[in-house]
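Single-structure report; data block below.
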Amino acid sequence: MADIDLQAVHDTLVSVAFEAGRMILAANPSSISTDTKLNAVDIVTETDQAVERMVSSRLRDAYPSFAFVGEETYQAGVTRITDAPTFIVDPIDGTTNFVHSFPNACISLGLAVDRQPAVGVVYNPFQDLLFTGIRGRGSYMQRNASLEAGKGLGEKVKLPLGGANPPALGDLSSALVSIEWGSQRDGENFEVKARTFRKLAAARENGGAMVGGMRSLGSAALNLCACAAGQLDVYWEGGCYAWDVAAGWCILNEAGGRMVSGNPGIWDTELDSRVYLAVRGARSGLKELVEEFWKVIGDGKMDYKH
Ligand code: IPD
């Protein structure tokens, strides 16, 4: 890690993100061609593919010795994330939102070194909203991020938004929780999710956690950024991939948040574990909230193939 100029990687990723953003905004979701992968709700569009081609070519030119893992070129059972410096890229995270013109989608660009998130850049072109993080150097949010200084460029605000001493976390009854159904809608993984969602929502007198609120916003990367910002307290998902979380994970870590396993009892989870529980930074209560969430899952366990 020591000999990689992470700031230079960050700057390259930001410029690639803006270029990708222009491509995404130029596409007309009502006329682009759409295909499916695992099933009818696992969508890919020609824009996802075109953006990934542009990103991989730009990153291979800039960093020819780094590995590249992208959602649209990933081969199940073959593609692996190794210890090598690796760009981990989702050209459009929130593709379903994108095809519906629902403005919660982004490009997610991460660099992992030794399989640990080292740089993260997440850019939502619909809101011109940029989140960035560099390991050991903090994470930031910027509005009107692609504009020039003096022409509306927002200031870079350090995360979390509440400042260096973010509010304590209470129990789940006061938490704003983000959950996602994902694309697998059958089997034990689906049952664990459905049972957990129900228990999270249910009244306490009926054995539930009665969470303050549940949201399903359709982009793992933006969910993680919202946790980093302190806008969401918790995000839980099984089934998404390293490219959905690599960049946001770095941004979350740098904002004092924590990623653990989405399966109970595992505090240190892997980048490609496919089961994640993220909690915002807080002056206290993080460990207790993770344990309360795991208790809601109970003896449920999600298991996804690689
Ligand atoms: C999806 C989104 C969604 C999550 C899915 C992901 P994609 O990514 O992040 O929120 O629930 O698990 O696959 O397919 O839009 O890149």
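Each chain in the structure tokens gets a letter, A, B, ..., in the order shown, and its residues are numbered from 1; ligands are numbered from 1 in order too.
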Next item on the list: Determine which residues of stretch 128-191 of chain A DSSP labels as strand (DSSP E) from the backbone of this structure, then write them out as a list in words.
Entry: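 Matching residues for strand (DSSP E) in stretch 128-191 of chain A are Leu129, Leu130, Phe131, Thr132, Gly133, Ile134, Ser139, Tyr140, Met141, Gln142, Lys156, Val157, Lys158, Leu176, Val177, Ser178 and Ile179 of chain A.
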Next item on the list: Give the residues close to ligand 1, within 7 Å, counting only C-alpha atoms and all ligand atoms; write them as a ChimeraX atom specification.
Entry: /A:42-43,90,92-96,180-183,217-221,239-241,244
Restricted to all heavy atoms, what would the selected residues look like written as a tab-separated table (two decimals), in the first residue's frame?
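What landed in selection_30.tsv:
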```tsv
chain	number	residue	atom	x	y	z
A	42	ASP	N	-32.86	-9.03	-12.52
A	42	ASP	CA	-31.41	-8.78	-12.53
A	42	ASP	C	-31.07	-8.20	-13.90
A	42	ASP	O	-30.79	-8.92	-14.86
A	42	ASP	CB	-30.67	-10.10	-12.28
A	42	ASP	CG	-29.19	-9.88	-12.03
A	42	ASP	OD1	-28.79	-8.72	-11.81
A	42	ASP	OD2	-28.44	-10.87	-12.05
A	43	ILE	N	-31.11	-6.87	-13.98
A	43	ILE	CA	-31.10	-6.18	-15.28
A	43	ILE	C	-29.72	-5.65	-15.64
A	43	ILE	O	-28.97	-5.19	-14.78
A	43	ILE	CB	-32.09	-4.99	-15.22
A	43	ILE	CG1	-33.49	-5.47	-14.90
A	43	ILE	CG2	-32.11	-4.22	-16.53
A	43	ILE	CD1	-34.44	-4.34	-14.59
A	90	ASP	N	-18.60	-0.90	-10.31
A	90	ASP	CA	-19.98	-1.09	-10.77
A	90	ASP	C	-20.32	0.10	-11.66
A	90	ASP	O	-20.42	1.24	-11.16
A	90	ASP	CB	-20.94	-1.17	-9.58
A	90	ASP	CG	-22.33	-1.61	-10.02
A	90	ASP	OD1	-22.61	-1.55	-11.23
A	90	ASP	OD2	-23.12	-2.03	-9.15
A	92	ILE	N	-23.05	1.03	-13.23
A	92	ILE	CA	-24.28	1.69	-12.74
A	92	ILE	C	-24.79	0.86	-11.57
A	92	ILE	O	-25.24	-0.28	-11.76
A	92	ILE	CB	-25.39	1.79	-13.81
A	92	ILE	CG1	-24.90	2.53	-15.06
A	92	ILE	CG2	-26.62	2.50	-13.22
A	92	ILE	CD1	-25.95	2.68	-16.16
A	93	ASP	N	-24.69	1.40	-10.38
A	93	ASP	CA	-25.27	0.71	-9.23
A	93	ASP	C	-26.65	1.32	-9.00
A	93	ASP	O	-26.76	2.53	-8.75
A	93	ASP	CB	-24.40	0.87	-7.99
A	93	ASP	CG	-24.96	0.06	-6.84
A	93	ASP	OD1	-25.29	-1.12	-7.04
A	93	ASP	OD2	-25.12	0.62	-5.74
A	94	GLY	N	-27.66	0.47	-9.13
A	94	GLY	CA	-29.04	0.98	-9.12
A	94	GLY	C	-29.59	0.94	-10.53
A	94	GLY	O	-30.29	1.86	-10.95
A	95	THR	N	-29.28	-0.13	-11.26
A	95	THR	CA	-29.70	-0.21	-12.67
A	95	THR	C	-31.23	-0.19	-12.78
A	95	THR	O	-31.78	0.43	-13.70
A	95	THR	CB	-29.13	-1.48	-13.32
A	95	THR	OG1	-27.71	-1.45	-13.18
A	95	THR	CG2	-29.47	-1.56	-14.80
A	96	THR	N	-31.91	-0.83	-11.85
A	96	THR	CA	-33.38	-0.82	-11.91
A	96	THR	C	-33.91	0.61	-11.76
A	96	THR	O	-34.80	1.04	-12.49
A	96	THR	CB	-33.97	-1.75	-10.83
A	96	THR	OG1	-33.45	-3.06	-11.04
A	96	THR	CG2	-35.49	-1.79	-10.89
A	180	GLU	N	-32.58	-4.28	1.39
A	180	GLU	CA	-32.83	-4.47	-0.05
A	180	GLU	C	-33.29	-5.90	-0.27
A	180	GLU	O	-32.76	-6.84	0.34
A	180	GLU	CB	-31.55	-4.23	-0.86
A	180	GLU	CG	-30.98	-2.82	-0.77
A	180	GLU	CD	-31.78	-1.76	-1.51
A	180	GLU	OE1	-32.64	-2.12	-2.35
A	180	GLU	OE2	-31.56	-0.56	-1.24
A	181	TRP	N	-34.25	-6.08	-1.18
A	181	TRP	CA	-34.71	-7.43	-1.52
A	181	TRP	C	-33.69	-8.15	-2.40
A	181	TRP	O	-33.60	-9.37	-2.38
A	181	TRP	CB	-36.05	-7.37	-2.26
A	181	TRP	CG	-37.19	-6.99	-1.37
A	181	TRP	CD1	-37.74	-5.76	-1.23
A	181	TRP	CD2	-37.91	-7.85	-0.48
A	181	TRP	NE1	-38.76	-5.79	-0.31
A	181	TRP	CE2	-38.89	-7.07	0.16
A	181	TRP	CE3	-37.82	-9.22	-0.16
A	181	TRP	CZ2	-39.78	-7.59	1.10
A	181	TRP	CZ3	-38.70	-9.74	0.77
A	181	TRP	CH2	-39.67	-8.93	1.40
A	182	GLY	N	-32.91	-7.40	-3.22
A	182	GLY	CA	-31.97	-8.04	-4.13
A	182	GLY	C	-32.70	-8.80	-5.22
A	182	GLY	O	-33.92	-8.71	-5.36
A	183	SER	N	-31.96	-9.58	-6.00
A	183	SER	CA	-32.58	-10.23	-7.16
A	183	SER	C	-32.95	-11.70	-6.92
A	183	SER	O	-33.70	-12.27	-7.70
A	183	SER	CB	-31.69	-10.10	-8.39
A	183	SER	OG	-30.41	-10.56	-8.11
A	217	LEU	N	-33.84	1.60	-1.16
A	217	LEU	CA	-33.57	2.69	-2.11
A	217	LEU	C	-32.94	2.23	-3.41
A	217	LEU	O	-32.82	2.99	-4.36
A	217	LEU	CB	-32.69	3.75	-1.43
A	217	LEU	CG	-33.32	4.36	-0.16
A	217	LEU	CD1	-32.30	5.17	0.63
A	217	LEU	CD2	-34.51	5.23	-0.52
A	218	GLY	N	-32.48	0.96	-3.45
A	218	GLY	CA	-32.07	0.38	-4.74
A	218	GLY	C	-30.64	0.59	-5.17
A	218	GLY	O	-30.30	0.26	-6.31
A	219	SER	N	-29.79	1.09	-4.30
A	219	SER	CA	-28.37	1.18	-4.66
A	219	SER	C	-27.53	0.92	-3.41
A	219	SER	O	-27.54	1.72	-2.46
A	219	SER	CB	-28.03	2.56	-5.22
A	219	SER	OG	-26.62	2.78	-5.18
A	220	ALA	N	-26.82	-0.20	-3.43
A	220	ALA	CA	-25.99	-0.57	-2.28
A	220	ALA	C	-24.95	0.52	-2.00
A	220	ALA	O	-24.72	0.90	-0.84
A	220	ALA	CB	-25.31	-1.90	-2.55
A	221	ALA	N	-24.31	1.01	-3.06
A	221	ALA	CA	-23.23	1.99	-2.88
A	221	ALA	C	-23.78	3.27	-2.24
A	221	ALA	O	-23.17	3.83	-1.32
A	221	ALA	CB	-22.58	2.31	-4.22
A	239	GLY	N	-26.47	-10.86	-0.83
A	239	GLY	CA	-26.65	-11.11	-2.26
A	239	GLY	C	-25.94	-10.12	-3.16
A	239	GLY	O	-25.70	-10.42	-4.32
A	240	CYS	N	-25.62	-8.93	-2.65
A	240	CYS	CA	-24.90	-8.01	-3.54
A	240	CYS	C	-23.42	-8.45	-3.57
A	240	CYS	O	-22.99	-9.35	-2.86
A	240	CYS	CB	-25.09	-6.56	-3.14
A	240	CYS	SG	-24.78	-6.20	-1.43
A	241	TYR	N	-22.67	-7.81	-4.44
A	241	TYR	CA	-21.31	-8.25	-4.74
A	241	TYR	C	-20.29	-7.19	-4.31
A	241	TYR	O	-20.65	-6.06	-3.98
A	241	TYR	CB	-21.15	-8.48	-6.24
A	241	TYR	CG	-21.85	-9.72	-6.77
A	241	TYR	CD1	-23.20	-9.68	-7.11
A	241	TYR	CD2	-21.16	-10.92	-6.93
A	241	TYR	CE1	-23.84	-10.81	-7.61
A	241	TYR	CE2	-21.79	-12.05	-7.45
A	241	TYR	CZ	-23.14	-11.99	-7.78
A	241	TYR	OH	-23.77	-13.10	-8.28
A	244	ASP	N	-20.60	-3.72	-5.62
A	244	ASP	CA	-21.66	-2.89	-5.04
A	244	ASP	C	-21.17	-2.17	-3.77
A	244	ASP	O	-21.72	-1.14	-3.41
A	244	ASP	CB	-22.87	-3.75	-4.66
A	244	ASP	CG	-23.54	-4.40	-5.87
A	244	ASP	OD1	-23.87	-3.66	-6.81
A	244	ASP	OD2	-23.72	-5.64	-5.87
```
Check: Given the choices A:Gly285, A:Gly70, A:Pro167, A:Gly213, which gets closest to A:Phe197 if the distance is worked out from only C-alpha atoms?
Finding: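 Under the stated criterion, the closest residue is A:Gly213.
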Next item on the list: Work out how far atom CA of A:Ala202 is from atom CA of A:Ala229, in Å to one decimal.
Entry: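 Rounded to one decimal, the two atoms are 27.3 Å apart.
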Item checked: Selection near stretch 23-27 of chain A, 8 Å with only C-alpha atoms, sequence-local residues under 5 positions removed, as a PyMOL selection string -> chain A and resi 32+47+51+125-126
Output of the above residues as a PDB file, in the first residue's frame, restricted to N, CA, C and O atoms:
```
ATOM      1  N   ILE A  32     -33.166   2.606 -24.400  1.00  0.00           N
ATOM      2  CA  ILE A  32     -31.952   1.792 -24.467  1.00  0.00           C
ATOM      3  C   ILE A  32     -32.294   0.312 -24.381  1.00  0.00           C
ATOM      4  O   ILE A  32     -33.316  -0.069 -23.808  1.00  0.00           O
ATOM      5  N   THR A  47     -26.062   0.742 -21.512  1.00  0.00           N
ATOM      6  CA  THR A  47     -25.296   1.830 -20.865  1.00  0.00           C
ATOM      7  C   THR A  47     -24.364   1.265 -19.787  1.00  0.00           C
ATOM      8  O   THR A  47     -23.209   1.689 -19.685  1.00  0.00           O
ATOM      9  N   VAL A  51     -20.438   1.961 -20.197  1.00  0.00           N
ATOM     10  CA  VAL A  51     -19.703   2.673 -19.135  1.00  0.00           C
ATOM     11  C   VAL A  51     -18.561   1.790 -18.630  1.00  0.00           C
ATOM     12  O   VAL A  51     -17.427   2.253 -18.455  1.00  0.00           O
ATOM     13  N   PRO A 125     -24.911  10.936 -10.823  1.00  0.00           N
ATOM     14  CA  PRO A 125     -24.953  12.039 -11.789  1.00  0.00           C
ATOM     15  C   PRO A 125     -26.297  12.746 -11.814  1.00  0.00           C
ATOM     16  O   PRO A 125     -26.378  13.918 -12.194  1.00  0.00           O
ATOM     17  N   PHE A 126     -27.367  12.056 -11.406  1.00  0.00           N
ATOM     18  CA  PHE A 126     -28.701  12.674 -11.431  1.00  0.00           C
ATOM     19  C   PHE A 126     -28.786  13.806 -10.416  1.00  0.00           C
ATOM     20  O   PHE A 126     -29.541  14.753 -10.576  1.00  0.00           O
TER      21      PHE A 126
END
```
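Separating atom CA of A:Gly248 from atom CA of A:Val122 is a distance of 6.9 Å.
Restricting the calculation to only C-alpha atoms, the smallest distance between A:Gln231 and any of A:Ala118, A:Ala282, A:Val69, A:Leu109 is found for A:Ala282.
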